[in-house]
Amino acid sequence: MALGKWIGGFLGFMSGGPIGALAGIILGGLFDTMLDSVNTPETQGTFDGQSGFESQTYSRQQARQGQRNSFLFSMLVLASYVIKADGRVMHSEMELVRNVLRQNFGEAARQQGNEILNRLFDEQKRVGASRFRQTVIECCQQMARDMDYSHRLQLLNFLVLIAQADGRVDPAEVTAMKECAQWMQMSVDEVDSMLGLGKDDLESAYRVLGVSPNATDDELKKAYRRLALEHHPDKVAALGDDVRKAAERKFQEINAAKERIWKARGL
């Protein structure tokens, strides 16, 4: 199946930097075709038969598609690093990843995402773990420069979902996710917070809010306001309805953790 159906069209910041270089290796001729599509008369300013307003609208659509494609490819790059963190890729792990892709992005994503991941594993084997790790670091640094913080948060969320898919998170996977967070100029506490989502105990609820059980009520409220602002689904709306729906589920779990603490404290 052609890889352009799920990750296709305009590539956004993937057209340059380490992510663009890696995309060129992984997607091959398809990547060149997608870059050529950016340089057609239809994608540059006003052209015959199209008004300035229509051209601006088209450019906005290009930008949104570029953001989405950059996000999806970046997610697979980071997933390939986290999955291989324990030194192996098991069939059962890949099946779980395929399920996560299908549940969040659809059947095309399951098939094409799986193929891209396998190509990323092949590239890691070709260049060696140390060199591939350096490539991931450079890609994360590019993400830190060019992606909104809320988009990087959602990347971490998908990594956590993948790591949790088998009901157990390997310590090596946690370490890898925290490395990715640091390389993207994020706090490692974001990973700990996300690992507490979906659990119904009070300790996990405090973990989600990133505060100690000894925190004051004011500190709790401040922590919740920060989370609510950073994780609001509207922040990732430009990445597509599927990404937004995943963000909505995460936002609901954050609110559930907040309500659990509020109830325990009588707030």
# chains A, B, ... in the order shown; residues from 1 in each chain; ligands from 1
call {"tool": "residues_around", "arguments": {"residues": "A:Ala79", "least_positions_apart": "5", "cutoff": "9 Å", "atoms": "only C-alpha atoms", "output": "list in words"}}
result
Ser74, Lys84, Val97, Leu117, Phe158, Leu159, Ile162 and Ala163 of chain A
call {"tool": "write_last_selection", "arguments": {"atoms": "N, CA and C atoms", "output": "mmCIF file, in the first residue's frame"}}
result
data_model
loop_
_atom_site.group_PDB
_atom_site.id
_atom_site.type_symbol
_atom_site.label_atom_id
_atom_site.label_comp_id
_atom_site.auth_asym_id
_atom_site.auth_seq_id
_atom_site.Cartn_x
_atom_site.Cartn_y
_atom_site.Cartn_z
ATOM 1 N N SER A 74 6.862 12.263 13.159
ATOM 2 C CA SER A 74 7.640 12.427 14.388
ATOM 3 C C SER A 74 7.213 11.408 15.442
ATOM 4 N N LYS A 84 12.189 0.014 20.847
ATOM 5 C CA LYS A 84 13.458 -0.707 20.793
ATOM 6 C C LYS A 84 14.317 -0.452 22.029
ATOM 7 N N VAL A 97 1.064 -2.052 19.081
ATOM 8 C CA VAL A 97 1.261 -0.741 18.458
ATOM 9 C C VAL A 97 0.288 -0.564 17.301
ATOM 10 N N LEU A 117 7.276 2.070 10.593
ATOM 11 C CA LEU A 117 8.016 1.636 11.779
ATOM 12 C C LEU A 117 9.048 0.574 11.423
ATOM 13 N N PHE A 158 0.942 9.813 23.104
ATOM 14 C CA PHE A 158 0.876 8.631 22.251
ATOM 15 C C PHE A 158 1.985 7.640 22.591
ATOM 16 N N LEU A 159 3.161 8.138 22.944
ATOM 17 C CA LEU A 159 4.243 7.234 23.354
ATOM 18 C C LEU A 159 3.855 6.451 24.598
ATOM 19 N N ILE A 162 1.357 3.742 23.739
ATOM 20 C CA ILE A 162 2.025 2.605 23.113
ATOM 21 C C ILE A 162 2.761 1.769 24.156
ATOM 22 N N ALA A 163 3.456 2.443 25.074
ATOM 23 C CA ALA A 163 4.208 1.723 26.105
ATOM 24 C C ALA A 163 3.277 0.949 27.040
#
call {"tool": "closest_atom_pairs", "arguments": {"of": "stretch 172-264 of chain A", "to": "stretch 86-92 of chain A", "cutoff": "12 Å", "atoms": "only C-alpha atoms", "output": "Markdown table"}}
result
| residue | atom | partner | partner_atom | distance |
| --- | --- | --- | --- | --- |
| A:Ala172 | CA | A:Asp86 | CA | 5.6 |
| A:Glu173 | CA | A:Asp86 | CA | 7.0 |
| A:Val174 | CA | A:Asp86 | CA | 10.3 |
| A:Thr175 | CA | A:Asp86 | CA | 10.0 |
| A:Ala176 | CA | A:Asp86 | CA | 9.3 |
call {"tool": "closest_residue", "arguments": {"among": "A:Arg152, A:Ile261, A:Ser212, A:Gly167", "to": "A:Ser187", "atoms": "only C-alpha atoms"}}
result
A:Arg152
call {"tool": "closest_residue", "arguments": {"among": "A:Cys180, A:Val191, A:Met94, A:Val211", "to": "A:Arg110", "atoms": "only C-alpha atoms"}}
result
A:Met94
call {"tool": "residues_around", "arguments": {"residues": "stretch 15-21 of chain A", "least_positions_apart": "5", "cutoff": "8 Å", "atoms": "only C-alpha atoms", "output": "list in words"}}
result
Leu35, Ser74, Thr135, Glu138, Cys139 and Gln142 of chain A
call {"tool": "write_last_selection", "arguments": {"atoms": "all heavy atoms", "output": "short mmCIF file (atom, residue, chain, number, x, y, z; two decimals), in the first residue's frame"}}
result
data_model
loop_
_atom_site.label_atom_id
_atom_site.label_comp_id
_atom_site.auth_asym_id
_atom_site.auth_seq_id
_atom_site.Cartn_x
_atom_site.Cartn_y
_atom_site.Cartn_z
N LEU A 35 7.57 16.53 -1.92
CA LEU A 35 8.23 17.83 -1.95
C LEU A 35 7.99 18.53 -3.27
O LEU A 35 7.79 19.74 -3.31
CB LEU A 35 9.74 17.65 -1.71
CG LEU A 35 10.16 17.23 -0.30
CD1 LEU A 35 11.67 17.24 -0.20
CD2 LEU A 35 9.55 18.14 0.75
N SER A 74 6.86 12.26 13.16
CA SER A 74 7.64 12.43 14.39
C SER A 74 7.21 11.41 15.44
O SER A 74 8.05 10.84 16.16
CB SER A 74 7.46 13.85 14.94
OG SER A 74 7.95 14.81 14.04
N THR A 135 20.45 10.55 15.95
CA THR A 135 19.46 11.07 14.99
C THR A 135 18.17 11.44 15.70
O THR A 135 17.57 12.49 15.42
CB THR A 135 19.16 10.01 13.90
OG1 THR A 135 20.36 9.76 13.16
CG2 THR A 135 18.08 10.51 12.94
N GLU A 138 18.61 14.70 17.52
CA GLU A 138 18.55 15.83 16.60
C GLU A 138 17.12 16.09 16.14
O GLU A 138 16.71 17.26 15.99
CB GLU A 138 19.47 15.56 15.41
CG GLU A 138 20.95 15.53 15.79
CD GLU A 138 21.83 14.97 14.68
OE1 GLU A 138 21.28 14.62 13.62
OE2 GLU A 138 23.06 14.90 14.89
N CYS A 139 16.35 15.02 15.91
CA CYS A 139 14.94 15.20 15.52
C CYS A 139 14.15 15.85 16.65
O CYS A 139 13.32 16.74 16.41
CB CYS A 139 14.33 13.84 15.16
SG CYS A 139 14.90 13.15 13.58
N GLN A 142 14.76 19.48 16.80
CA GLN A 142 13.99 20.17 15.76
C GLN A 142 12.54 20.32 16.18
O GLN A 142 11.91 21.36 15.95
CB GLN A 142 14.10 19.42 14.43
CG GLN A 142 13.42 20.15 13.28
CD GLN A 142 13.57 19.42 11.95
OE1 GLN A 142 14.22 18.38 11.88
NE2 GLN A 142 12.96 19.96 10.91
#
call {"tool": "residues_around", "arguments": {"residues": "A:Pro233", "least_positions_apart": "5", "cutoff": "9 Å", "atoms": "only C-alpha atoms", "output": "ChimeraX atom specification"}}
result
/A:243-251
call {"tool": "residues_around", "arguments": {"residues": "A:Phe105", "least_positions_apart": "4", "cutoff": "9 Å", "atoms": "only C-alpha atoms", "output": "PyMOL selection string"}}
result
chain A and resi 6+100-101+109-110+242-243
call {"tool": "closest_residue", "arguments": {"among": "A:Glu230, A:Glu95, A:Asp166, A:Glu115", "to": "A:Asp148", "atoms": "only C-alpha atoms"}}
result
A:Glu230
call {"tool": "residues_around", "arguments": {"residues": "A:Val236", "least_positions_apart": "4", "cutoff": "9 Å", "atoms": "only C-alpha atoms", "output": "PyMOL selection string"}}
result
chain A and resi 150-151+154+231-232+240-241+243-244+247
call {"tool": "write_last_selection", "arguments": {"atoms": "C-alpha atoms", "output": "mmCIF file, in the first residue's frame"}}
result
data_model
loop_
_atom_site.group_PDB
_atom_site.id
_atom_site.type_symbol
_atom_site.label_atom_id
_atom_site.label_comp_id
_atom_site.auth_asym_id
_atom_site.auth_seq_id
_atom_site.Cartn_x
_atom_site.Cartn_y
_atom_site.Cartn_z
ATOM 1 C CA SER A 150 0.934 21.297 23.323
ATOM 2 C CA HIS A 151 1.800 19.251 20.219
ATOM 3 C CA GLN A 154 0.418 14.964 22.630
ATOM 4 C CA HIS A 231 -3.645 19.888 27.564
ATOM 5 C CA HIS A 232 -6.826 21.500 26.267
ATOM 6 C CA GLY A 240 -6.903 16.643 12.853
ATOM 7 C CA ASP A 241 -10.021 15.253 14.507
ATOM 8 C CA VAL A 243 -5.555 13.713 17.373
ATOM 9 C CA ARG A 244 -8.075 16.062 18.979
ATOM 10 C CA ALA A 247 -6.487 14.786 23.482
#
call {"tool": "closest_residue", "arguments": {"among": "A:Gly128, A:Trp262, A:Asp234, A:Asp189", "to": "A:Leu220", "atoms": "only C-alpha atoms"}}
result
A:Trp262
call {"tool": "select_by_dssp", "arguments": {"residues": "stretch 27-253 of chain A", "states": "alpha helix (DSSP H)", "output": "PyMOL selection string"}}
result
chain A and resi 27+29-38+52-83+91-105+107-127+129-146+149-164+171-183+189-195+202-209+217-230+241-253
call {"tool": "closest_residue", "arguments": {"among": "A:Val136, A:Leu27, A:Leu155, A:Met177", "to": "A:Leu239", "atoms": "only C-alpha atoms"}}
result
A:Leu155
call {"tool": "decode", "arguments": {"residues": "stretch 104-121 of chain A", "atoms": "N, CA, C and O atoms", "output": "PDB file, in the first residue's frame"}}
result
ATOM      1  N   ASN A 104      -6.678   4.970  17.180  1.00  0.00           N
ATOM      2  CA  ASN A 104      -6.569   6.428  17.200  1.00  0.00           C
ATOM      3  C   ASN A 104      -6.600   7.079  15.824  1.00  0.00           C
ATOM      4  O   ASN A 104      -7.017   8.235  15.700  1.00  0.00           O
ATOM      5  N   PHE A 105      -6.167   6.329  14.771  1.00  0.00           N
ATOM      6  CA  PHE A 105      -6.026   6.952  13.461  1.00  0.00           C
ATOM      7  C   PHE A 105      -6.706   6.193  12.330  1.00  0.00           C
ATOM      8  O   PHE A 105      -6.800   6.708  11.229  1.00  0.00           O
ATOM      9  N   GLY A 106      -7.148   4.962  12.558  1.00  0.00           N
ATOM     10  CA  GLY A 106      -7.843   4.228  11.508  1.00  0.00           C
ATOM     11  C   GLY A 106      -7.008   3.123  10.877  1.00  0.00           C
ATOM     12  O   GLY A 106      -5.814   2.961  11.170  1.00  0.00           O
ATOM     13  N   GLU A 107      -7.641   2.357   9.998  1.00  0.00           N
ATOM     14  CA  GLU A 107      -7.009   1.182   9.402  1.00  0.00           C
ATOM     15  C   GLU A 107      -5.816   1.539   8.519  1.00  0.00           C
ATOM     16  O   GLU A 107      -4.803   0.827   8.505  1.00  0.00           O
ATOM     17  N   ALA A 108      -5.932   2.622   7.748  1.00  0.00           N
ATOM     18  CA  ALA A 108      -4.801   3.014   6.903  1.00  0.00           C
ATOM     19  C   ALA A 108      -3.567   3.296   7.743  1.00  0.00           C
ATOM     20  O   ALA A 108      -2.439   2.938   7.370  1.00  0.00           O
ATOM     21  N   ALA A 109      -3.770   3.929   8.894  1.00  0.00           N
ATOM     22  CA  ALA A 109      -2.650   4.225   9.786  1.00  0.00           C
ATOM     23  C   ALA A 109      -2.036   2.939  10.325  1.00  0.00           C
ATOM     24  O   ALA A 109      -0.816   2.841  10.479  1.00  0.00           O
ATOM     25  N   ARG A 110      -2.866   1.962  10.622  1.00  0.00           N
ATOM     26  CA  ARG A 110      -2.345   0.689  11.146  1.00  0.00           C
ATOM     27  C   ARG A 110      -1.395   0.055  10.144  1.00  0.00           C
ATOM     28  O   ARG A 110      -0.298  -0.382  10.496  1.00  0.00           O
ATOM     29  N   GLN A 111      -1.805   0.011   8.887  1.00  0.00           N
ATOM     30  CA  GLN A 111      -1.000  -0.649   7.868  1.00  0.00           C
ATOM     31  C   GLN A 111       0.235   0.177   7.490  1.00  0.00           C
ATOM     32  O   GLN A 111       1.355  -0.334   7.464  1.00  0.00           O
ATOM     33  N   GLN A 112       0.017   1.453   7.225  1.00  0.00           N
ATOM     34  CA  GLN A 112       1.126   2.277   6.764  1.00  0.00           C
ATOM     35  C   GLN A 112       2.076   2.643   7.896  1.00  0.00           C
ATOM     36  O   GLN A 112       3.293   2.692   7.702  1.00  0.00           O
ATOM     37  N   GLY A 113       1.508   2.893   9.087  1.00  0.00           N
ATOM     38  CA  GLY A 113       2.352   3.169  10.243  1.00  0.00           C
ATOM     39  C   GLY A 113       3.241   1.980  10.566  1.00  0.00           C
ATOM     40  O   GLY A 113       4.412   2.143  10.929  1.00  0.00           O
ATOM     41  N   ASN A 114       2.693   0.790  10.452  1.00  0.00           N
ATOM     42  CA  ASN A 114       3.460  -0.419  10.683  1.00  0.00           C
ATOM     43  C   ASN A 114       4.623  -0.527   9.692  1.00  0.00           C
ATOM     44  O   ASN A 114       5.754  -0.859  10.066  1.00  0.00           O
ATOM     45  N   GLU A 115       4.365  -0.206   8.422  1.00  0.00           N
ATOM     46  CA  GLU A 115       5.430  -0.287   7.415  1.00  0.00           C
ATOM     47  C   GLU A 115       6.515   0.745   7.672  1.00  0.00           C
ATOM     48  O   GLU A 115       7.710   0.457   7.551  1.00  0.00           O
ATOM     49  N   ILE A 116       6.108   1.953   8.048  1.00  0.00           N
ATOM     50  CA  ILE A 116       7.091   2.994   8.337  1.00  0.00           C
ATOM     51  C   ILE A 116       7.922   2.619   9.560  1.00  0.00           C
ATOM     52  O   ILE A 116       9.151   2.801   9.584  1.00  0.00           O
ATOM     53  N   LEU A 117       7.276   2.070  10.593  1.00  0.00           N
ATOM     54  CA  LEU A 117       8.016   1.636  11.779  1.00  0.00           C
ATOM     55  C   LEU A 117       9.048   0.574  11.423  1.00  0.00           C
ATOM     56  O   LEU A 117      10.193   0.619  11.896  1.00  0.00           O
ATOM     57  N   ASN A 118       8.664  -0.384  10.601  1.00  0.00           N
ATOM     58  CA  ASN A 118       9.612  -1.428  10.207  1.00  0.00           C
ATOM     59  C   ASN A 118      10.793  -0.842   9.452  1.00  0.00           C
ATOM     60  O   ASN A 118      11.938  -1.280   9.612  1.00  0.00           O
ATOM     61  N   ARG A 119      10.530   0.183   8.628  1.00  0.00           N
ATOM     62  CA  ARG A 119      11.628   0.839   7.910  1.00  0.00           C
ATOM     63  C   ARG A 119      12.534   1.584   8.885  1.00  0.00           C
ATOM     64  O   ARG A 119      13.754   1.639   8.700  1.00  0.00           O
ATOM     65  N   LEU A 120      11.941   2.168   9.914  1.00  0.00           N
ATOM     66  CA  LEU A 120      12.736   2.850  10.936  1.00  0.00           C
ATOM     67  C   LEU A 120      13.596   1.857  11.712  1.00  0.00           C
ATOM     68  O   LEU A 120      14.760   2.140  12.026  1.00  0.00           O
ATOM     69  N   PHE A 121      13.055   0.681  12.005  1.00  0.00           N
ATOM     70  CA  PHE A 121      13.844  -0.357  12.679  1.00  0.00           C
ATOM     71  C   PHE A 121      15.001  -0.809  11.787  1.00  0.00           C
ATOM     72  O   PHE A 121      16.123  -1.041  12.265  1.00  0.00           O
TER      73      PHE A 121
END
